[in-house]
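Peer 1: The structure under discussion is supplied below as structure tokens; questions concerning it will follow.
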Amino acid sequence: MVIRYGNYEMTEYLKQLKNKKLKRLVPQVMIVFYTGDKKWNTPLELNDYFDIPEELKEYVNDWKIKAVDVKEIDTSKIKDEQTRSHPRDI
């Protein structure tokens, strides 16, 4: 998943680079809303797929997923009723 996530993000940046009207890239904020029945067990960082020595990790680019497991959202802390019911609707 982290590789697919990174691919989506980089594809968007490449599109932006082709747009000559943009002076700067627009940051992409992507969040995965996981709705599966089981607990999320896929690595959240690209480096978790590698078996590399700790001293080399700083030289390897990492990609991190921002993931929210919808089942773990504490809806009692959400004040707005419409927003509070949304995680259960997914």
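Ordered as shown in the structure tokens, chains take letters A, B, and onward, while each chain numbers its residues from 1 and ligands are numbered from 1 in the order shown.
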I want to know what sits within 7 Å of region 43-45 of chain A, based on only C-alpha atoms, with residues of the same chain fewer than 3 positions away left out; could you give that as a ChimeraX atom specification?

Peer 2: /A:2,48,62-65

Peer 1: Take the residues from that selection and put them in a file with N, CA and C atoms, as a JSON list (two decimals), in the first residue's frame.

Peer 2:
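Generated file (part.json):
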```
[["chain", "number", "residue", "atom", "x", "y", "z"],
["A", 2, "VAL", "N", 1.94, 1.24, 0.76],
["A", 2, "VAL", "CA", 2.79, 2.44, 0.83],
["A", 2, "VAL", "C", 3.40, 2.75, -0.54],
["A", 48, "ASP", "N", 10.02, -0.08, 6.05],
["A", 48, "ASP", "CA", 9.65, -1.34, 6.70],
["A", 48, "ASP", "C", 9.70, -2.53, 5.74],
["A", 62, "ASP", "N", 12.32, 7.47, 2.39],
["A", 62, "ASP", "CA", 11.22, 6.75, 3.02],
["A", 62, "ASP", "C", 9.91, 7.40, 2.60],
["A", 63, "TRP", "N", 8.88, 6.62, 2.57],
["A", 63, "TRP", "CA", 7.54, 7.12, 2.29],
["A", 63, "TRP", "C", 6.65, 6.63, 3.41],
["A", 64, "LYS", "N", 5.84, 7.50, 3.96],
["A", 64, "LYS", "CA", 5.00, 7.12, 5.10],
["A", 64, "LYS", "C", 3.53, 7.33, 4.76],
["A", 65, "ILE", "N", 2.73, 6.36, 5.14],
["A", 65, "ILE", "CA", 1.29, 6.45, 4.94],
["A", 65, "ILE", "C", 0.65, 7.09, 6.16]]
```

Peer 1: Residues near Trp40 (chain A), anyone? I mean within 9 Å using only C-alpha atoms, not counting same-chain ones fewer than 6 positions away, as an mmCIF file with N, CA and C atoms, in the first residue's frame.

Peer 2:
```
data_model
loop_
_atom_site.group_PDB
_atom_site.id
_atom_site.type_symbol
_atom_site.label_atom_id
_atom_site.label_comp_id
_atom_site.auth_asym_id
_atom_site.auth_seq_id
_atom_site.Cartn_x
_atom_site.Cartn_y
_atom_site.Cartn_z
ATOM 1 N N TYR A 34 -9.032 3.356 6.413
ATOM 2 C CA TYR A 34 -9.139 1.900 6.342
ATOM 3 C C TYR A 34 -10.457 1.453 6.956
ATOM 4 N N ALA A 67 -2.597 6.758 7.849
ATOM 5 C CA ALA A 67 -3.747 5.855 7.814
ATOM 6 C C ALA A 67 -4.601 6.021 9.059
ATOM 7 N N ASP A 69 -7.734 4.037 10.927
ATOM 8 C CA ASP A 69 -8.606 2.867 10.994
ATOM 9 C C ASP A 69 -9.952 3.361 11.511
#
```

Peer 1: Can you measure CA of Arg4 (chain A) to CA of Phe33 (chain A) for me? One decimal in Å is fine.

Peer 2: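 For CA of Arg4 (chain A) relative to CA of Phe33 (chain A), the distance reads 14.6 Å.
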
Peer 1: Determine, counting only C-alpha atoms, which protein, DNA and RNA residues have an atom within 12 Å of an atom of Tyr59 (chain A); residues of the same chain fewer than 6 positions away are not included. Present the result as JSON, numbers by chain.

Peer 2: {"A": [47, 52, 53]}

Peer 1: Enumerate the residues of region 13-61 of chain A with a DSSP assignment of strand (DSSP E or B), computed from the backbone, and present them as a ChimeraX atom specification.

Peer 2: /A:32-34,45

Peer 1: Restricted to C-alpha atoms, what would the selected residues look like written as a JSON list (two decimals), in the first residue's frame?

Peer 2:
```
[["chain", "number", "residue", "atom", "x", "y", "z"],
["A", 32, "VAL", "CA", -5.99, 6.34, 3.91],
["A", 33, "PHE", "CA", -9.29, 5.62, 5.65],
["A", 34, "TYR", "CA", -9.14, 1.90, 6.34],
["A", 45, "GLU", "CA", 6.57, 3.16, 6.00]]
```

Peer 1: Would you mind reading off the distance between CA of Lys77 (chain A) and CA of Lys38 (chain A), one decimal, in Å?

Peer 2: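 CA of Lys38 (chain A) lies 23.5 Å from CA of Lys77 (chain A).
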
Peer 1: Could you go through chain A and tell me which residues DSSP, when run on the backbone, assigns to helix (DSSP H, G or I), listing them as an MDAnalysis selection string?

Peer 2: chainID A and resid 2:18 46:49 54:59 70:72 75:77 81:89

Peer 1: Nearest residue to Leu46 (chain A) out of A:Met1, A:Met10, A:Val70, A:Ile31, using only C-alpha atoms?

Peer 2: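 Of the candidates, the smallest distance to Leu46 (chain A) is held by A:Met1.
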